[in-house]
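Trainee: Here you go, one structure.
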Amino acid sequence: MGLFDFFSKEKKETLDKGLEKSKSSIFDKITRAISGKSKVDEDVLDELEEILISSDVGVDTTIKIIKRIENRVASDKYASVEELDLILREEIAALLAENNSQDVHNSFETKNLPKPYVLMVVGVNGVGKTTTIGKLAYNFQKNGKKVVLGAADTFRAAAVDQLKLWGERVGVTVIDHGMNTDPSSVAYDAIKAGIEQDADVIIIDTAGRLHTKVNLMNELGKIKRVMQKILPEAPNEVMLVLDGSTGQNAVIQAREFTKVTDVNSLAITKLDGTAKGGVVIGISDEFKIPVKYIGVGEKMEDLQVFNKTAFVDSLFKK
């Protein structure tokens with residue numbers, strides 16, 4: 001496997017399968033663009049630019065990628081179109097590395113993290129936020145870690161029940177106060193329970209949508225302040241969950257959430273059912289926030305630790 005020695009063959013096959021729709025869409029277009037051409041010229045690059053933009057990579061990020069490829073082929077005016085997929089992969093992987101999307105070989109390991117490690121999860125309704133939390137809990141527990149969940153999304157009818165079902169399914173403690181209760185109080189009790197139970201990881205679900213940005217900012221701020229009364233460094237991480245299948249709408253959501261809270265990691269879900277996998281590249285480039293997890297299937301193991309090299313290989317390799 002070479003570059004992917006740490007990335008199991010099974011996981012790579014799942015990633016390949018999960019990104020198949022995006023890959024097929026991109027390569028069908030690239031194949032048409034280079035048909036009858038022998039070298040990477042201005043026309044090929046113009047076509048490639050349109051392909052990347054239509055694949056939800058984003059305009060600004062696409063322009064950066066095209067410039068990098070232009071610089072790469074400038075020294076070789078006869079660069080073959082056969083080399084284009086390799087050049088494309090290498091330049092996008094390099095861009096992701098510069099954007100702080102560093103590979104984490106096993107981010108379900110907590111030995112170098114504070115204990116308990118408090119993860120607050122944010123995102124709009126419908127992106128797979130609660131499901132992602134359930135899958136995170138499963139993978140942490142599978143890695144031998146004790147997990148406590150806090151059901152602090154008390155505004156949505158199904159959110160608390162859904163998280164409790166995940167808790168039962170995975171076998172982890174869920175702290176909840178039911179519907180229409182104070183989210184910060186739930187978060188406080190979840191931290192308290194996590195400390196008492198010697199938990200390695202505490203994951204706090206939060207409301208997916210409030211009426212205004214000000215309400216959202218105030219609510220998330222209050223949750224943080226209340227948690228810090230019992231654990232001053234909490235939360236250690238604020239993760240934004242985005243639905244990759246929504247393409248540029250995911251980018252818009254990221255803009256809104258990064259304005260109101262200090263997001264420092266991303267999970268991008270539902271990439272298996274869409275041809276918009278390129279959005280991961282654009283989001284990473286625009287926000288300079290590490291993409292930590294990607295969802296490439298329904299199974300609990302299909303929430304994968306993001307590896308930029310494996311991702312780009314699966315998305316662009318012939």
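By convention in this document, the chains of the structure tokens carry letters A, B, ... by their order, each chain's residues are numbered from 1, and ligands are numbered from 1 in the order they are shown.
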Find the residues near Leu88 in chain A: any atom within 8 Å, counting only C-alpha atoms, skip ones fewer than 6 places away on the same chain, and give them as a PyMOL selection string.

Mentor: chain A and resi 65+69+316

Trainee: Report as a ChimeraX atom specification all protein, DNA and RNA residues lying within 6 Å of range 294-296 of chain A, evaluated on only C-alpha atoms, omitting residues in the same chain fewer than 2 positions from it.

Mentor: /A:18,267-272,302-304,306

Trainee: Between CA of Val59 in chain A and CA of Val280 in chain A, what is the distance in Å, rounded to a tenth?

Mentor: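 These atoms are spaced 13.4 Å apart.
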
Trainee: Give the helix (DSSP H, G or I) residues of range 192-266 of chain A, as assigned by DSSP on the backbone, as a PyMOL selection string.

Mentor: chain A and resi 192-196+213-230+244-246+248-260

Trainee: Can you pull out every residue within 6 Å of Val118 in chain A, counting only C-alpha atoms, but drop anything in the same chain fewer than 6 positions away, and send it as JSON, numbers by chain?

Mentor: {"A": [201, 202, 203, 234, 235, 236]}

Trainee: What separation in Å, quoted to one decimal, exists between CA of Gly178 in chain A and CA of Asn215 in chain A?

Mentor: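 Taking CA of Gly178 in chain A and CA of Asn215 in chain A, their separation equals 20.5 Å.
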
Trainee: If we count only C-alpha atoms and set the cut-off at 12 Å, which residues sit around Lys288 in chain A, ignoring sequence neighbours fewer than 5 positions away in its own chain? Please answer as a ChimeraX atom specification.

Mentor: /A:61,95-102,254-255,258,263-266,280-283

Trainee: Please dump the current selection as a PDB file, in the first residue's frame; keep C-alpha atoms.

Mentor:
ATOM      1  CA  THR A  61      -9.773  27.026  -4.285  1.00  0.00           C
ATOM      2  CA  LEU A  95      -2.788  22.316  -0.681  1.00  0.00           C
ATOM      3  CA  LEU A  96      -4.665  20.342   1.990  1.00  0.00           C
ATOM      4  CA  ALA A  97      -1.437  19.924   3.968  1.00  0.00           C
ATOM      5  CA  GLU A  98      -0.843  23.685   3.880  1.00  0.00           C
ATOM      6  CA  ASN A  99      -4.425  24.235   5.059  1.00  0.00           C
ATOM      7  CA  ASN A 100      -3.817  22.407   8.325  1.00  0.00           C
ATOM      8  CA  SER A 101      -5.660  19.252   7.285  1.00  0.00           C
ATOM      9  CA  GLN A 102      -2.949  17.122   8.811  1.00  0.00           C
ATOM     10  CA  ALA A 254     -19.414  26.715   7.815  1.00  0.00           C
ATOM     11  CA  ARG A 255     -19.196  30.481   7.267  1.00  0.00           C
ATOM     12  CA  THR A 258     -17.354  30.049  12.325  1.00  0.00           C
ATOM     13  CA  VAL A 263     -14.800  25.884  15.577  1.00  0.00           C
ATOM     14  CA  ASN A 264     -11.496  24.004  15.549  1.00  0.00           C
ATOM     15  CA  SER A 265     -12.378  20.742  13.769  1.00  0.00           C
ATOM     16  CA  LEU A 266     -14.746  19.529  11.061  1.00  0.00           C
ATOM     17  CA  VAL A 280     -14.113  18.780   1.317  1.00  0.00           C
ATOM     18  CA  ILE A 281     -11.199  20.415  -0.511  1.00  0.00           C
ATOM     19  CA  GLY A 282     -12.892  23.811  -0.763  1.00  0.00           C
ATOM     20  CA  ILE A 283     -13.986  23.830   2.893  1.00  0.00           C
TER      21      ILE A 283
END

Trainee: Identify, on the basis of only C-alpha atoms, every residue whose closest approach to Asp176 in chain A does not exceed 9 Å; exclude the query and any residue fewer than 5 positions from it along the same chain; express the result as a list in words.

Mentor: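 In the requested form, the answer reads Leu149, Gly150, Ala151, Ala152, Thr154, Val160, Lys164, Val186, Ala187, Asp189 and Ala190 of chain A.
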
Trainee: Okay, now the selection with N, CA, C and O atoms, as a tab-separated table (two decimals), in the first residue's frame?

Mentor:
chain	number	residue	atom	x	y	z
A	149	LEU	N	-22.11	10.89	26.99
A	149	LEU	CA	-22.76	11.81	26.05
A	149	LEU	C	-23.69	12.74	26.81
A	149	LEU	O	-24.35	12.34	27.76
A	150	GLY	N	-23.77	14.01	26.35
A	150	GLY	CA	-24.69	14.98	26.92
A	150	GLY	C	-25.70	15.42	25.88
A	150	GLY	O	-25.32	15.98	24.83
A	151	ALA	N	-26.99	15.18	26.14
A	151	ALA	CA	-28.05	15.50	25.18
A	151	ALA	C	-28.52	16.95	25.37
A	151	ALA	O	-29.60	17.21	25.89
A	152	ALA	N	-27.68	17.89	24.94
A	152	ALA	CA	-27.97	19.31	25.16
A	152	ALA	C	-28.68	19.97	23.97
A	152	ALA	O	-28.86	21.19	23.96
A	154	THR	N	-31.85	20.37	23.26
A	154	THR	CA	-33.16	20.18	23.92
A	154	THR	C	-34.29	20.88	23.18
A	154	THR	O	-35.42	20.90	23.66
A	160	VAL	N	-33.09	14.43	21.60
A	160	VAL	CA	-32.77	13.78	22.87
A	160	VAL	C	-33.01	12.27	22.76
A	160	VAL	O	-32.15	11.46	23.13
A	164	LYS	N	-30.30	9.17	23.01
A	164	LYS	CA	-30.48	8.10	23.99
A	164	LYS	C	-30.47	6.73	23.31
A	164	LYS	O	-29.91	5.76	23.84
A	186	VAL	N	-27.70	20.61	31.13
A	186	VAL	CA	-27.39	19.26	30.66
A	186	VAL	C	-25.89	19.09	30.49
A	186	VAL	O	-25.30	18.09	30.92
A	187	ALA	N	-25.26	20.09	29.86
A	187	ALA	CA	-23.81	20.03	29.63
A	187	ALA	C	-23.05	19.96	30.95
A	187	ALA	O	-22.10	19.18	31.10
A	189	ASP	N	-24.13	18.78	33.84
A	189	ASP	CA	-24.31	17.46	34.46
A	189	ASP	C	-23.56	16.36	33.71
A	189	ASP	O	-23.11	15.38	34.31
A	190	ALA	N	-23.42	16.54	32.41
A	190	ALA	CA	-22.65	15.56	31.62
A	190	ALA	C	-21.17	15.61	32.01
A	190	ALA	O	-20.51	14.57	32.15

Trainee: Write down as number ranges by chain the residues belonging to range 20-249 of chain A that are assigned strand (DSSP E or B) by DSSP computed on the backbone.

Mentor: A: 39, 80, 117-122, 147-151, 173-175, 201-205, 237-243

Trainee: Just want the 10 Å neighbourhood of Gly36 in chain A, counted on only C-alpha atoms, with same-chain residues fewer than 4 positions away dropped. Output as a ChimeraX atom specification.

Mentor: /A:31-32,81

Trainee: Those residues with N, CA, C and O atoms, as a short mmCIF file (atom, residue, chain, number, x, y, z; two decimals), in the first residue's frame please?

Mentor:
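Listed below is the output, again.cif:
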data_model
loop_
_atom_site.label_atom_id
_atom_site.label_comp_id
_atom_site.auth_asym_id
_atom_site.auth_seq_id
_atom_site.Cartn_x
_atom_site.Cartn_y
_atom_site.Cartn_z
N THR A 31 -12.07 12.98 -18.70
CA THR A 31 -11.82 12.15 -19.88
C THR A 31 -12.31 12.84 -21.15
O THR A 31 -11.62 12.84 -22.18
N ARG A 32 -13.50 13.44 -21.05
CA ARG A 32 -14.02 14.18 -22.21
C ARG A 32 -13.15 15.40 -22.53
O ARG A 32 -12.93 15.72 -23.70
N VAL A 81 -1.10 14.55 -21.01
CA VAL A 81 -2.39 14.52 -20.32
C VAL A 81 -2.49 13.28 -19.44
O VAL A 81 -3.27 13.24 -18.49
#

Trainee: With distances taken over only C-alpha atoms, which residue among A:Ala79, A:Met179, A:Val57, A:Ile63 lies nearest Ala157 in chain A?

Mentor: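 Smallest distance to Ala157 in chain A is found for A:Met179.
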
Trainee: Using Å and a single decimal, report how far CA of Arg72 in chain A sits from CA of Asp56 in chain A.

Mentor: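 Here the two named atoms are 23.2 Å from each other.
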
Trainee: Find, counting only C-alpha atoms, the residue in A:Tyr293, A:Phe108, A:Tyr138, A:Phe155 that gets nearest to Val172 in chain A.

Mentor: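 Checking each of A:Tyr293, A:Phe108, A:Tyr138, A:Phe155 against Val172 in chain A, counting only C-alpha atoms, the winner is A:Tyr138.
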